[in-house]
Amino acid sequence: MSMAATPIPNDLDAFWLPFTPNRAFKRAPRLFARAKDMHYFTPEGRAVLDGCAGLWCTNAGHNRDPIVDAIKRQTEELDYAPAFQFAHPKSFELASRIAGLAPGDLNRVFFCNSGSEAVDTALKIALAYHYVRGEGARTRLIGRERGYHGTGFGGISVGGIVSNRKFFGTLLTGVDHLPATYSREHQAFTKGEPDWGGHLADELERIVALHDASTIAAVIVEPMAGSTGVLPPPKGYLQKLRAICDRYGILLIFDEVITGFGRLGHAFAAERYGVTPDMITFAKGITSGAVPMGGVIARDRLYEAFMHGPEHVIELFHGYTYSAHPLACAAGLATLDLYRDEKLFERVNALEPHFAEAAMSLRNLPGVLDIRTVGLTAGIDLASRPGAPGLRAYEAMERAFRDEGVLIRVTGETIALSPPLIVSESEIGEIFDKVGQVIRAVG
Ligand SMILES: Cc1ncc(COP(=O)(O)O)c(C=O)c1O
């Protein structure tokens, strides 16, 4: 790959960056111009080791030749086909491949373009499913504190992150929340699923008693909450949620936008936990981040509930211009081939103990309050500086990028690590060595 310097833009004004402090960024930008496998390269050509798979998405590594080639071929062959009333062959092929990876009778795939759209789609399918079955009073949606389900109005309503909600009015009505599953007191420094906390699923019983099951459409949770700091599910928790939902006819949705496609050592976390939800949302890893794509996998009976009435009438009034976009489908098929041919999900299982060990080696560093790991994911909580919540972690990200050449993600005061699944044992060592240096530096 050419390491020639890439021109740096000299006007940063127009672009309003998402989830970024714009003024600080524009004073000292962090830019990536190229990427290959485990590394980003800045416009000057400096290598930065990717500890985050971009934003939890480039699971197969960066700019993998088979994915790049598939996108190139597709763009020459068919740029776009109308998503409504028409389709193109690869959309069916990709849907079948995804259904084949999902557990049980999760066989029907609805495509969209992002995790946020996937969440909105799943919530809408849940409401409409009850409606078409004559249970239209089931309108309540249950999310969870510390849940992240993207930034659409549906997602922020069922989500549980205060700053993502408080600016935006009354959100969806009729939403309630389960308590978060994290307790530092009972779970600190756990590798994998904590022993404590399974009983928190019983809170769903309380919510059902309060609202009555006849008003509740669905429960949505991330099997592992990623964006609020890597919170693996307590042992037995997801199984209990499933049992309670079954008891009351409530749909269970797993938001697998992060946990899908290998992050926890399986195609979906549902498989790791032996729990089959009624819908799975996915995005990110489906194309290894190369082209935007998201979707919902639904159980057969959900799809079938809509297949009534005159055949010329649309069954579900929902979709996006770019649902199953040809470039995304081509990228998705090439990505799934890579996952299969390189056995990347199995690789995560093999690496998990080593990754957890490497993460825990940082436990005695100054200011480290907790470390959690599961699959190829780690969350490291730092103590806040007095009066400046989030500043220490922000400085850690800055230093990691500029001084240590490693990309880390921070949310609040937590460092989250989730490298591409192709990461080697020595690169895992390098990531945690560098993160250790950074934690010492901001300590
Ligand atoms: C669990 C979960 N759901 C939804 C989303 C939103 O995805 P997107 O940013 O593609 O809309 C994310 C993003 O990180 C996520 O982690």
# chains A, B, ... in the order shown; residues from 1 in each chain; ligands from 1
$ select_by_dssp --residues "range 128-282 of chain A" --states "strand (DSSP E or B)" --output "list in words"
Arg140, Leu141, Ile142, Gly143, Arg144, Val175, Asp176, His177, Leu178, Lys191, Ile216, Ala217, Ala218, Val219, Ile220, Val221, Ala225, Leu231, Leu251, Leu252, Ile253, Phe254, Asp255, Met279, Ile280, Thr281 and Phe282 of chain A
$ residues_around --residues "Leu344 in chain A" --least-positions-apart "4" --cutoff "8 Å" --atoms "only C-alpha atoms" --output "number ranges by chain"
A: 60, 262, 338-340, 348, 421-422
$ write_last_selection --atoms "C-alpha atoms" --output "JSON list (two decimals), in the first residue's frame"
[["chain", "number", "residue", "atom", "x", "y", "z"],
["A", 60, "ALA", "CA", -13.22, -9.08, 9.34],
["A", 262, "GLY", "CA", -18.77, -13.10, 15.91],
["A", 338, "LEU", "CA", -14.69, -14.48, 4.95],
["A", 339, "TYR", "CA", -16.15, -15.22, 8.38],
["A", 340, "ARG", "CA", -16.80, -18.80, 7.27],
["A", 348, "VAL", "CA", -12.98, -15.54, 19.00],
["A", 421, "LEU", "CA", -11.70, -10.70, 14.93],
["A", 422, "ILE", "CA", -8.50, -11.23, 12.91]]
$ closest_residue --among "A:Val221, A:Leu172, A:Val68, A:Leu141" --to "ligand 1" --atoms "only C-alpha atoms and all ligand atoms"
A:Val221
$ atom_distance --atom1 "CA of Ala283 in chain A" --atom2 "CA of Pro43 in chain A"
28.0 Å
$ closest_atom_pairs --of "chain A" --to "ligand 1" --cutoff "6 Å" --atoms "only C-alpha atoms and all ligand atoms" --output "JSON lines"
{"residue": "A:Ser114", "atom": "CA", "partner": "ligand 1", "partner_atom_place_in_ligand_line": "10 (O)", "distance": 3.8}
{"residue": "A:Gly115", "atom": "CA", "partner": "ligand 1", "partner_atom_place_in_ligand_line": "7 (O)", "distance": 3.2}
{"residue": "A:Ser116", "atom": "CA", "partner": "ligand 1", "partner_atom_place_in_ligand_line": "11 (O)", "distance": 3.5}
{"residue": "A:Tyr148", "atom": "CA", "partner": "ligand 1", "partner_atom_place_in_ligand_line": "1 (C)", "distance": 5.4}
{"residue": "A:His149", "atom": "CA", "partner": "ligand 1", "partner_atom_place_in_ligand_line": "3 (N)", "distance": 3.7}
{"residue": "A:Gly150", "atom": "CA", "partner": "ligand 1", "partner_atom_place_in_ligand_line": "6 (C)", "distance": 3.4}
{"residue": "A:Glu222", "atom": "CA", "partner": "ligand 1", "partner_atom_place_in_ligand_line": "1 (C)", "distance": 5.6}
{"residue": "A:Gly226", "atom": "CA", "partner": "ligand 1", "partner_atom_place_in_ligand_line": "16 (O)", "distance": 5.9}
{"residue": "A:Ser227", "atom": "CA", "partner": "ligand 1", "partner_atom_place_in_ligand_line": "16 (O)", "distance": 5.5}
{"residue": "A:Asp255", "atom": "CA", "partner": "ligand 1", "partner_atom_place_in_ligand_line": "1 (C)", "distance": 5.2}
{"residue": "A:Glu256", "atom": "CA", "partner": "ligand 1", "partner_atom_place_in_ligand_line": "1 (C)", "distance": 5.8}
{"residue": "A:Val257", "atom": "CA", "partner": "ligand 1", "partner_atom_place_in_ligand_line": "2 (C)", "distance": 4.7}
{"residue": "A:Ile258", "atom": "CA", "partner": "ligand 1", "partner_atom_place_in_ligand_line": "16 (O)", "distance": 5.1}
$ closest_residue --among "A:Pro353, A:Gly160, A:Gly285, A:Gly443" --to "Thr58 in chain A" --atoms "only C-alpha atoms"
A:Gly285
$ closest_residue --among "A:Met293, A:Glu430, A:Gly104, A:Phe189" --to "Val275 in chain A" --atoms "only C-alpha atoms"
A:Gly104
$ residues_around --residues "Ser214 in chain A" --least-positions-apart "5" --cutoff "10 Å" --atoms "only C-alpha atoms" --output "list in words"
Glu135, Gly136, Ala137, Arg138, Thr139, Arg140, Val208, Tyr248, Gly249 and Ile250 of chain A
$ residues_around --residues "Asp300 in chain A" --least-positions-apart "2" --cutoff "7 Å" --atoms "only C-alpha atoms" --output "MDAnalysis selection string"
chainID A and resid 105:108 298 302:304
$ select_by_dssp --residues "range 247-333 of chain A" --states "helix (DSSP H, G or I)" --output "PyMOL selection string"
chain A and resi 247-248+269-273+284-287+300-306+326-333
$ write_last_selection --atoms "N, CA, C and O atoms" --output "CSV table (one decimal), in the first residue's frame"
chain,number,residue,atom,x,y,z
A,247,ARG,N,-44.4,-16.6,29.0
A,247,ARG,CA,-45.6,-16.7,29.9
A,247,ARG,C,-46.7,-15.7,29.5
A,247,ARG,O,-47.8,-16.0,29.6
A,248,TYR,N,-46.3,-14.5,29.1
A,248,TYR,CA,-47.3,-13.4,28.9
A,248,TYR,C,-47.5,-13.1,27.4
A,248,TYR,O,-48.1,-12.0,27.1
A,269,ALA,N,-25.2,-13.7,19.6
A,269,ALA,CA,-25.1,-14.0,21.0
A,269,ALA,C,-26.2,-15.0,21.4
A,269,ALA,O,-26.1,-15.7,22.4
A,270,ALA,N,-27.4,-14.9,20.7
A,270,ALA,CA,-28.5,-15.8,21.1
A,270,ALA,C,-28.0,-17.3,21.1
A,270,ALA,O,-28.5,-18.0,22.0
A,271,GLU,N,-27.0,-17.6,20.3
A,271,GLU,CA,-26.5,-19.0,20.3
A,271,GLU,C,-25.6,-19.2,21.5
A,271,GLU,O,-25.8,-20.2,22.1
A,272,ARG,N,-24.8,-18.2,21.8
A,272,ARG,CA,-24.0,-18.4,23.0
A,272,ARG,C,-24.8,-18.6,24.3
A,272,ARG,O,-24.4,-19.4,25.1
A,273,TYR,N,-25.9,-18.0,24.3
A,273,TYR,CA,-26.8,-18.1,25.6
A,273,TYR,C,-27.9,-19.1,25.4
A,273,TYR,O,-28.6,-19.3,26.4
A,284,LYS,N,-23.7,-3.2,11.4
A,284,LYS,CA,-22.2,-3.3,11.6
A,284,LYS,C,-21.5,-4.4,10.9
A,284,LYS,O,-21.1,-4.4,9.8
A,285,GLY,N,-21.4,-5.5,11.7
A,285,GLY,CA,-20.5,-6.6,11.2
A,285,GLY,C,-21.1,-7.3,9.9
A,285,GLY,O,-20.3,-8.1,9.3
A,286,ILE,N,-22.3,-7.1,9.5
A,286,ILE,CA,-22.8,-7.8,8.4
A,286,ILE,C,-22.0,-7.5,7.1
A,286,ILE,O,-21.8,-8.4,6.3
A,287,THR,N,-21.5,-6.3,7.0
A,287,THR,CA,-20.6,-6.0,5.9
A,287,THR,C,-19.2,-5.6,6.3
A,287,THR,O,-18.5,-5.0,5.6
A,300,ASP,N,-40.5,-17.3,12.0
A,300,ASP,CA,-41.5,-17.6,10.9
A,300,ASP,C,-42.9,-17.0,11.3
A,300,ASP,O,-43.6,-16.5,10.5
A,301,ARG,N,-43.3,-17.3,12.5
A,301,ARG,CA,-44.7,-17.0,12.8
A,301,ARG,C,-45.0,-15.5,12.8
A,301,ARG,O,-46.1,-15.0,12.5
A,302,LEU,N,-44.0,-14.6,13.0
A,302,LEU,CA,-44.2,-13.2,12.8
A,302,LEU,C,-44.5,-12.8,11.4
A,302,LEU,O,-45.4,-12.1,11.1
A,303,TYR,N,-43.6,-13.3,10.5
A,303,TYR,CA,-43.8,-13.1,9.1
A,303,TYR,C,-45.2,-13.6,8.6
A,303,TYR,O,-45.9,-12.9,7.9
A,304,GLU,N,-45.4,-14.8,9.0
A,304,GLU,CA,-46.7,-15.5,8.6
A,304,GLU,C,-47.9,-14.7,9.1
A,304,GLU,O,-49.0,-14.7,8.4
A,305,ALA,N,-47.8,-14.1,10.2
A,305,ALA,CA,-49.0,-13.3,10.7
A,305,ALA,C,-49.4,-12.2,9.7
A,305,ALA,O,-50.6,-11.8,9.8
A,306,PHE,N,-48.5,-11.8,8.9
A,306,PHE,CA,-48.8,-10.7,8.0
A,306,PHE,C,-49.3,-11.2,6.6
A,306,PHE,O,-49.8,-10.4,5.8
A,326,PRO,N,-27.8,-3.0,-3.4
A,326,PRO,CA,-26.9,-4.0,-4.1
A,326,PRO,C,-25.5,-4.0,-3.5
A,326,PRO,O,-24.9,-5.0,-3.4
A,327,LEU,N,-24.9,-2.8,-3.3
A,327,LEU,CA,-23.5,-2.8,-2.8
A,327,LEU,C,-23.4,-3.4,-1.4
A,327,LEU,O,-22.5,-4.1,-1.1
A,328,ALA,N,-24.4,-3.1,-0.6
A,328,ALA,CA,-24.4,-3.7,0.8
A,328,ALA,C,-24.6,-5.2,0.7
A,328,ALA,O,-23.9,-6.0,1.4
A,329,CYS,N,-25.4,-5.7,-0.2
A,329,CYS,CA,-25.6,-7.1,-0.3
A,329,CYS,C,-24.4,-7.8,-0.8
A,329,CYS,O,-24.0,-8.9,-0.3
A,330,ALA,N,-23.7,-7.2,-1.8
A,330,ALA,CA,-22.5,-7.8,-2.3
A,330,ALA,C,-21.4,-7.8,-1.2
A,330,ALA,O,-20.7,-8.8,-1.0
A,331,ALA,N,-21.3,-6.7,-0.5
A,331,ALA,CA,-20.3,-6.7,0.6
A,331,ALA,C,-20.7,-7.7,1.7
A,331,ALA,O,-19.8,-8.4,2.2
A,332,GLY,N,-22.0,-7.8,2.0
A,332,GLY,CA,-22.4,-8.8,3.0
A,332,GLY,C,-22.1,-10.2,2.7
A,332,GLY,O,-21.6,-11.0,3.5
A,333,LEU,N,-22.3,-10.6,1.4
A,333,LEU,CA,-22.0,-11.9,1.0
A,333,LEU,C,-20.5,-12.2,1.1
A,333,LEU,O,-20.1,-13.3,1.6
$ residues_around --residues "Ala243 in chain A" --least-positions-apart "5" --cutoff "12 Å" --atoms "only C-alpha atoms" --output "number ranges by chain"
A: 201-202, 204-205, 236-238, 248-252, 275-277
$ write_last_selection --atoms "C-alpha atoms" --output "PDB file, in the first residue's frame"
ATOM      1  CA  ALA A 201     -34.892 -10.320  35.033  1.00  0.00           C
ATOM      2  CA  ASP A 202     -37.696 -10.835  37.575  1.00  0.00           C
ATOM      3  CA  LEU A 204     -40.100  -7.827  34.195  1.00  0.00           C
ATOM      4  CA  GLU A 205     -42.725  -9.567  36.329  1.00  0.00           C
ATOM      5  CA  GLY A 236     -29.387 -17.047  33.666  1.00  0.00           C
ATOM      6  CA  TYR A 237     -30.675 -13.509  33.030  1.00  0.00           C
ATOM      7  CA  LEU A 238     -31.559 -13.842  29.344  1.00  0.00           C
ATOM      8  CA  TYR A 248     -47.256 -13.447  28.879  1.00  0.00           C
ATOM      9  CA  GLY A 249     -47.179 -13.504  25.068  1.00  0.00           C
ATOM     10  CA  ILE A 250     -44.612 -10.686  24.937  1.00  0.00           C
ATOM     11  CA  LEU A 251     -42.119 -10.604  22.060  1.00  0.00           C
ATOM     12  CA  LEU A 252     -38.427 -10.683  22.973  1.00  0.00           C
ATOM     13  CA  VAL A 275     -31.932 -18.316  24.002  1.00  0.00           C
ATOM     14  CA  THR A 276     -33.983 -17.817  20.845  1.00  0.00           C
ATOM     15  CA  PRO A 277     -35.561 -14.364  20.745  1.00  0.00           C
TER      16      PRO A 277
END
$ closest_residue --among "A:Thr215, A:Ser163, A:Thr151, A:Ser91" --to "Val175 in chain A" --atoms "only C-alpha atoms"
A:Thr215
$ atom_distance --atom1 "CA of Thr75 in chain A" --atom2 "CA of Phe92 in chain A"
18.0 Å
$ residues_around --residues "range 11-19 of chain A" --least-positions-apart "4" --cutoff "10 Å" --atoms "only C-alpha atoms" --output "PyMOL selection string"
chain A and resi 23+25-27+29+164
$ decode --residues "range 41-56 of chain A" --atoms "all heavy atoms" --output "PDB file, in the first residue's frame"
ATOM      1  N   PHE A  41      -4.387   4.328   9.015  1.00  0.00           N
ATOM      2  CA  PHE A  41      -3.248   5.194   8.738  1.00  0.00           C
ATOM      3  C   PHE A  41      -3.753   6.627   8.664  1.00  0.00           C
ATOM      4  O   PHE A  41      -4.760   6.897   8.009  1.00  0.00           O
ATOM      5  CB  PHE A  41      -2.573   4.794   7.416  1.00  0.00           C
ATOM      6  CG  PHE A  41      -2.017   3.398   7.472  1.00  0.00           C
ATOM      7  CD1 PHE A  41      -2.802   2.299   7.102  1.00  0.00           C
ATOM      8  CD2 PHE A  41      -0.730   3.167   7.941  1.00  0.00           C
ATOM      9  CE1 PHE A  41      -2.309   1.005   7.193  1.00  0.00           C
ATOM     10  CE2 PHE A  41      -0.218   1.874   8.028  1.00  0.00           C
ATOM     11  CZ  PHE A  41      -1.024   0.786   7.659  1.00  0.00           C
ATOM     12  N   THR A  42      -3.063   7.507   9.375  1.00  0.00           N
ATOM     13  CA  THR A  42      -3.447   8.916   9.348  1.00  0.00           C
ATOM     14  C   THR A  42      -3.056   9.505   7.990  1.00  0.00           C
ATOM     15  O   THR A  42      -2.297   8.881   7.232  1.00  0.00           O
ATOM     16  CB  THR A  42      -2.709   9.687  10.463  1.00  0.00           C
ATOM     17  OG1 THR A  42      -1.314   9.671  10.157  1.00  0.00           O
ATOM     18  CG2 THR A  42      -2.959   9.078  11.832  1.00  0.00           C
ATOM     19  N   PRO A  43      -3.520  10.715   7.666  1.00  0.00           N
ATOM     20  CA  PRO A  43      -3.139  11.321   6.389  1.00  0.00           C
ATOM     21  C   PRO A  43      -1.623  11.428   6.226  1.00  0.00           C
ATOM     22  O   PRO A  43      -1.102  11.373   5.106  1.00  0.00           O
ATOM     23  CB  PRO A  43      -3.788  12.715   6.452  1.00  0.00           C
ATOM     24  CG  PRO A  43      -4.963  12.524   7.357  1.00  0.00           C
ATOM     25  CD  PRO A  43      -4.517  11.522   8.388  1.00  0.00           C
ATOM     26  N   GLU A  44      -0.883  11.532   7.343  1.00  0.00           N
ATOM     27  CA  GLU A  44       0.581  11.613   7.258  1.00  0.00           C
ATOM     28  C   GLU A  44       1.200  10.237   7.079  1.00  0.00           C
ATOM     29  O   GLU A  44       2.411  10.112   6.911  1.00  0.00           O
ATOM     30  CB  GLU A  44       1.182  12.248   8.524  1.00  0.00           C
ATOM     31  CG  GLU A  44       0.653  13.630   8.893  1.00  0.00           C
ATOM     32  CD  GLU A  44      -0.695  13.594   9.605  1.00  0.00           C
ATOM     33  OE1 GLU A  44      -1.082  12.517  10.108  1.00  0.00           O
ATOM     34  OE2 GLU A  44      -1.371  14.640   9.638  1.00  0.00           O
ATOM     35  N   GLY A  45       0.387   9.176   7.205  1.00  0.00           N
ATOM     36  CA  GLY A  45       0.901   7.823   7.019  1.00  0.00           C
ATOM     37  C   GLY A  45       1.254   7.119   8.320  1.00  0.00           C
ATOM     38  O   GLY A  45       1.828   6.033   8.305  1.00  0.00           O
ATOM     39  N   ARG A  46       0.912   7.698   9.460  1.00  0.00           N
ATOM     40  CA  ARG A  46       1.206   7.066  10.756  1.00  0.00           C
ATOM     41  C   ARG A  46       0.211   5.924  11.017  1.00  0.00           C
ATOM     42  O   ARG A  46      -0.990   6.107  10.860  1.00  0.00           O
ATOM     43  CB  ARG A  46       1.101   8.131  11.863  1.00  0.00           C
ATOM     44  CG  ARG A  46       1.536   7.658  13.241  1.00  0.00           C
ATOM     45  CD  ARG A  46       1.667   8.840  14.195  1.00  0.00           C
ATOM     46  NE  ARG A  46       0.397   9.514  14.466  1.00  0.00           N
ATOM     47  CZ  ARG A  46      -0.501   9.102  15.370  1.00  0.00           C
ATOM     48  NH1 ARG A  46      -0.265   8.021  16.083  1.00  0.00           N
ATOM     49  NH2 ARG A  46      -1.622   9.773  15.562  1.00  0.00           N
ATOM     50  N   ALA A  47       0.736   4.761  11.412  1.00  0.00           N
ATOM     51  CA  ALA A  47      -0.136   3.600  11.646  1.00  0.00           C
ATOM     52  C   ALA A  47      -0.776   3.686  13.029  1.00  0.00           C
ATOM     53  O   ALA A  47      -0.130   4.064  14.004  1.00  0.00           O
ATOM     54  CB  ALA A  47       0.672   2.308  11.528  1.00  0.00           C
ATOM     55  N   VAL A  48      -2.063   3.358  13.100  1.00  0.00           N
ATOM     56  CA  VAL A  48      -2.788   3.313  14.376  1.00  0.00           C
ATOM     57  C   VAL A  48      -3.459   1.934  14.465  1.00  0.00           C
ATOM     58  O   VAL A  48      -4.266   1.573  13.597  1.00  0.00           O
ATOM     59  CB  VAL A  48      -3.846   4.432  14.458  1.00  0.00           C
ATOM     60  CG1 VAL A  48      -4.647   4.333  15.750  1.00  0.00           C
ATOM     61  CG2 VAL A  48      -3.183   5.808  14.354  1.00  0.00           C
ATOM     62  N   LEU A  49      -3.081   1.179  15.494  1.00  0.00           N
ATOM     63  CA  LEU A  49      -3.635  -0.162  15.673  1.00  0.00           C
ATOM     64  C   LEU A  49      -5.105  -0.049  16.088  1.00  0.00           C
ATOM     65  O   LEU A  49      -5.438   0.697  17.014  1.00  0.00           O
ATOM     66  CB  LEU A  49      -2.812  -0.880  16.758  1.00  0.00           C
ATOM     67  CG  LEU A  49      -3.158  -2.319  17.102  1.00  0.00           C
ATOM     68  CD1 LEU A  49      -3.056  -3.235  15.881  1.00  0.00           C
ATOM     69  CD2 LEU A  49      -2.227  -2.818  18.217  1.00  0.00           C
ATOM     70  N   ASP A  50      -5.970  -0.806  15.419  1.00  0.00           N
ATOM     71  CA  ASP A  50      -7.411  -0.648  15.659  1.00  0.00           C
ATOM     72  C   ASP A  50      -7.868  -1.550  16.810  1.00  0.00           C
ATOM     73  O   ASP A  50      -8.051  -2.756  16.632  1.00  0.00           O
ATOM     74  CB  ASP A  50      -8.181  -0.977  14.370  1.00  0.00           C
ATOM     75  CG  ASP A  50      -9.676  -0.730  14.531  1.00  0.00           C
ATOM     76  OD1 ASP A  50     -10.106  -0.336  15.637  1.00  0.00           O
ATOM     77  OD2 ASP A  50     -10.416  -0.936  13.550  1.00  0.00           O
ATOM     78  N   GLY A  51      -8.077  -0.949  17.954  1.00  0.00           N
ATOM     79  CA  GLY A  51      -8.554  -1.699  19.115  1.00  0.00           C
ATOM     80  C   GLY A  51     -10.063  -1.786  19.201  1.00  0.00           C
ATOM     81  O   GLY A  51     -10.608  -2.318  20.175  1.00  0.00           O
ATOM     82  N   CYS A  52     -10.760  -1.243  18.212  1.00  0.00           N
ATOM     83  CA  CYS A  52     -12.229  -1.106  18.316  1.00  0.00           C
ATOM     84  C   CYS A  52     -12.999  -1.647  17.115  1.00  0.00           C
ATOM     85  O   CYS A  52     -14.227  -1.507  17.086  1.00  0.00           O
ATOM     86  CB  CYS A  52     -12.605   0.368  18.423  1.00  0.00           C
ATOM     87  SG  CYS A  52     -11.854   1.165  19.810  1.00  0.00           S
ATOM     88  N   ALA A  53     -12.312  -2.213  16.122  1.00  0.00           N
ATOM     89  CA  ALA A  53     -12.997  -2.575  14.874  1.00  0.00           C
ATOM     90  C   ALA A  53     -13.806  -1.367  14.369  1.00  0.00           C
ATOM     91  O   ALA A  53     -14.998  -1.460  14.100  1.00  0.00           O
ATOM     92  CB  ALA A  53     -13.891  -3.806  15.045  1.00  0.00           C
ATOM     93  N   GLY A  54     -13.107  -0.245  14.240  1.00  0.00           N
ATOM     94  CA  GLY A  54     -13.776   1.001  13.834  1.00  0.00           C
ATOM     95  C   GLY A  54     -14.704   1.443  14.939  1.00  0.00           C
ATOM     96  O   GLY A  54     -14.293   1.990  15.942  1.00  0.00           O
ATOM     97  N   LEU A  55     -15.989   1.180  14.753  1.00  0.00           N
ATOM     98  CA  LEU A  55     -17.008   1.386  15.803  1.00  0.00           C
ATOM     99  C   LEU A  55     -17.724   0.055  15.981  1.00  0.00           C
ATOM    100  O   LEU A  55     -18.886  -0.057  15.659  1.00  0.00           O
ATOM    101  CB  LEU A  55     -18.008   2.450  15.356  1.00  0.00           C
ATOM    102  CG  LEU A  55     -17.890   3.867  15.882  1.00  0.00           C
ATOM    103  CD1 LEU A  55     -18.997   4.750  15.312  1.00  0.00           C
ATOM    104  CD2 LEU A  55     -17.913   3.917  17.396  1.00  0.00           C
ATOM    105  N   TRP A  56     -17.034  -0.949  16.411  1.00  0.00           N
ATOM    106  CA  TRP A  56     -17.586  -2.296  16.620  1.00  0.00           C
ATOM    107  C   TRP A  56     -18.065  -2.908  15.309  1.00  0.00           C
ATOM    108  O   TRP A  56     -19.003  -3.696  15.323  1.00  0.00           O
ATOM    109  CB  TRP A  56     -18.782  -2.294  17.563  1.00  0.00           C
ATOM    110  CG  TRP A  56     -18.763  -1.487  18.804  1.00  0.00           C
ATOM    111  CD1 TRP A  56     -19.030  -0.167  18.922  1.00  0.00           C
ATOM    112  CD2 TRP A  56     -18.509  -1.945  20.148  1.00  0.00           C
ATOM    113  NE1 TRP A  56     -18.962   0.226  20.242  1.00  0.00           N
ATOM    114  CE2 TRP A  56     -18.654  -0.853  21.008  1.00  0.00           C
ATOM    115  CE3 TRP A  56     -18.192  -3.195  20.686  1.00  0.00           C
ATOM    116  CZ2 TRP A  56     -18.486  -0.942  22.390  1.00  0.00           C
ATOM    117  CZ3 TRP A  56     -18.026  -3.292  22.054  1.00  0.00           C
ATOM    118  CH2 TRP A  56     -18.171  -2.170  22.893  1.00  0.00           C
TER     119      TRP A  56
END
